[in-house]
Amino acid sequence: QVQLVESGGGLVQAGGSLRLSCAASGSIFSIDGMGWYRQAPGNQRELVASISSGGSANYADSVKGRFTISRDNNKRTVYLQMNSLKAEDTAVYYCYAQSALVRGMNYWGKGTLVTVSS
């Protein structure tokens with residue numbers, strides 16, 4: 001099993017920055033790609049950014065140029081640096097990790113709330 005714990009959410013003004021962290025514990029050898037989803041009230045959960053075990057990153061069009069995902073395999077942590085935040089970035093952000101052992105299986109954190117005031 002893998003446990004994921006997010007931190008770093010909070011309230012920030014539009015144009016500001018936040019850095020989210022997601023620390024993995026447990027059977028971390030079974031982790032492949034990692035990333036972040038978000039879900040705003042009334043909306044479906046959407047993929048924000050992902051990063052492979054080798055460090056290749058992908059982003060949603062809505063966050064390209066503003067968000068940066070990174071990964072520290074030694075610290076078993078994935079980060080999401082969010083700059084130039086907008087009100088529409090307000091959501092609960094969830095960290096996930098893909099299982100390297102079971103195809104299609106993901107582990108999830110409980111989420112951290114990001115609120116951007118305009």
# chains A, B, ... in the order shown; residues from 1 in each chain; ligands from 1
$ residues_around --residues "A:Glu88" --least-positions-apart "2" --cutoff "10 Å" --atoms "only C-alpha atoms" --output "PyMOL selection string"
chain A and resi 14+40+62+85-86+90-91+115-118
$ residues_around --residues "A:Ser50" --least-positions-apart "6" --cutoff "10 Å" --atoms "only C-alpha atoms" --output "PyMOL selection string"
chain A and resi 33-37+56-60+68-71+78+80+95-97
$ select_by_dssp --residues "chain A" --states "strand (DSSP E or B)" --output "PyMOL selection string"
chain A and resi 2-7+10-13+18-26+31-39+46-51+57-59+67-72+77-82+91-99+106-108+112-117
$ write_last_selection --atoms "C-alpha atoms" --output "PDB file, in the first residue's frame"
ATOM      1  CA  VAL A   2       0.976   3.603  -0.603  1.00  0.00           C
ATOM      2  CA  GLN A   3      -0.097   6.569   1.478  1.00  0.00           C
ATOM      3  CA  LEU A   4      -0.071  10.084   0.070  1.00  0.00           C
ATOM      4  CA  VAL A   5      -0.289  13.216   2.208  1.00  0.00           C
ATOM      5  CA  GLU A   6      -0.696  16.643   0.638  1.00  0.00           C
ATOM      6  CA  SER A   7       0.240  19.955   2.204  1.00  0.00           C
ATOM      7  CA  GLY A  10      -4.398  27.795   1.682  1.00  0.00           C
ATOM      8  CA  LEU A  11      -5.800  31.201   0.853  1.00  0.00           C
ATOM      9  CA  VAL A  12      -3.927  33.459  -1.532  1.00  0.00           C
ATOM     10  CA  GLN A  13      -4.743  36.579  -3.502  1.00  0.00           C
ATOM     11  CA  LEU A  18       1.563  28.594  -3.558  1.00  0.00           C
ATOM     12  CA  ARG A  19       3.611  25.422  -3.454  1.00  0.00           C
ATOM     13  CA  LEU A  20       1.874  22.123  -2.865  1.00  0.00           C
ATOM     14  CA  SER A  21       3.723  19.077  -1.625  1.00  0.00           C
ATOM     15  CA  CYS A  22       2.719  15.432  -1.629  1.00  0.00           C
ATOM     16  CA  ALA A  23       4.725  12.988   0.442  1.00  0.00           C
ATOM     17  CA  ALA A  24       4.493   9.281  -0.289  1.00  0.00           C
ATOM     18  CA  SER A  25       5.047   6.526   2.234  1.00  0.00           C
ATOM     19  CA  GLY A  26       4.553   2.787   2.386  1.00  0.00           C
ATOM     20  CA  ILE A  31       4.967   3.897  -7.642  1.00  0.00           C
ATOM     21  CA  ASP A  32       5.365   4.962 -11.260  1.00  0.00           C
ATOM     22  CA  GLY A  33       4.023   8.319 -12.440  1.00  0.00           C
ATOM     23  CA  MET A  34       2.648  10.921 -10.032  1.00  0.00           C
ATOM     24  CA  GLY A  35       0.650  14.080 -10.394  1.00  0.00           C
ATOM     25  CA  TRP A  36      -2.113  16.385  -9.335  1.00  0.00           C
ATOM     26  CA  TYR A  37      -5.810  16.602 -10.053  1.00  0.00           C
ATOM     27  CA  ARG A  38      -8.156  19.294  -8.871  1.00  0.00           C
ATOM     28  CA  GLN A  39     -11.873  19.585  -8.331  1.00  0.00           C
ATOM     29  CA  GLU A  46      -9.537  17.419 -13.820  1.00  0.00           C
ATOM     30  CA  LEU A  47      -5.900  16.568 -14.360  1.00  0.00           C
ATOM     31  CA  VAL A  48      -3.629  19.520 -13.628  1.00  0.00           C
ATOM     32  CA  ALA A  49      -0.146  18.089 -14.097  1.00  0.00           C
ATOM     33  CA  SER A  50       1.650  14.788 -14.187  1.00  0.00           C
ATOM     34  CA  ILE A  51       5.249  13.666 -14.023  1.00  0.00           C
ATOM     35  CA  ALA A  57       6.010  16.490 -17.182  1.00  0.00           C
ATOM     36  CA  ASN A  58       2.666  17.279 -18.765  1.00  0.00           C
ATOM     37  CA  TYR A  59       0.248  20.071 -17.959  1.00  0.00           C
ATOM     38  CA  PHE A  67       2.398  25.815 -12.761  1.00  0.00           C
ATOM     39  CA  THR A  68       5.462  23.618 -12.482  1.00  0.00           C
ATOM     40  CA  ILE A  69       5.469  20.028 -11.296  1.00  0.00           C
ATOM     41  CA  SER A  70       8.600  18.436  -9.926  1.00  0.00           C
ATOM     42  CA  ARG A  71       9.560  15.283  -8.142  1.00  0.00           C
ATOM     43  CA  ASP A  72      12.184  14.338  -5.610  1.00  0.00           C
ATOM     44  CA  THR A  77       7.722  13.796  -2.715  1.00  0.00           C
ATOM     45  CA  VAL A  78       6.055  15.493  -5.650  1.00  0.00           C
ATOM     46  CA  TYR A  79       5.592  19.255  -5.753  1.00  0.00           C
ATOM     47  CA  LEU A  80       3.333  21.656  -7.601  1.00  0.00           C
ATOM     48  CA  GLN A  81       4.584  25.231  -7.784  1.00  0.00           C
ATOM     49  CA  MET A  82       1.660  27.462  -8.660  1.00  0.00           C
ATOM     50  CA  ALA A  91     -10.282  23.917  -5.963  1.00  0.00           C
ATOM     51  CA  VAL A  92      -9.347  20.960  -3.842  1.00  0.00           C
ATOM     52  CA  TYR A  93      -6.073  19.604  -5.179  1.00  0.00           C
ATOM     53  CA  TYR A  94      -5.485  15.876  -5.010  1.00  0.00           C
ATOM     54  CA  CYS A  95      -2.186  14.113  -5.346  1.00  0.00           C
ATOM     55  CA  TYR A  96      -2.122  10.735  -7.055  1.00  0.00           C
ATOM     56  CA  ALA A  97       0.433   8.042  -7.735  1.00  0.00           C
ATOM     57  CA  GLN A  98       0.216   5.371 -10.391  1.00  0.00           C
ATOM     58  CA  SER A  99       0.866   1.835  -9.358  1.00  0.00           C
ATOM     59  CA  ASN A 106      -3.930   4.816  -8.674  1.00  0.00           C
ATOM     60  CA  TYR A 107      -3.348   5.824  -5.097  1.00  0.00           C
ATOM     61  CA  TRP A 108      -4.893   9.083  -3.871  1.00  0.00           C
ATOM     62  CA  THR A 112      -5.710  20.118   0.051  1.00  0.00           C
ATOM     63  CA  LEU A 113      -7.846  23.193  -0.511  1.00  0.00           C
ATOM     64  CA  VAL A 114      -6.532  26.107  -2.538  1.00  0.00           C
ATOM     65  CA  THR A 115      -8.595  29.283  -2.455  1.00  0.00           C
ATOM     66  CA  VAL A 116      -7.664  32.220  -4.670  1.00  0.00           C
ATOM     67  CA  SER A 117      -9.375  35.478  -3.847  1.00  0.00           C
TER      68      SER A 117
END
$ atom_distance --atom1 "atom CA of A:Val63" --atom2 "atom CA of A:Met105"
25.3 Å
$ atom_distance --atom1 "atom CA of A:Asn73" --atom2 "atom CA of A:Ser27"
13.2 Å
$ closest_residue --among "A:Lys75, A:Arg103, A:Arg45, A:Lys64" --to "A:Ser30" --atoms "only C-alpha atoms"
A:Arg103
$ select_by_dssp --residues "chain A" --states "helix (DSSP H, G or I)" --output "list of chain:residue names"
A:Ile28, A:Phe29, A:Ser30, A:Ala87, A:Glu88, A:Asp89
$ atom_distance --atom1 "atom CA of A:Gly42" --atom2 "atom CA of A:Ala87"
15.0 Å
$ closest_residue --among "A:Ser53, A:Gln44, A:Ser17, A:Gln1" --to "A:Asn74" --atoms "only C-alpha atoms"
A:Ser53
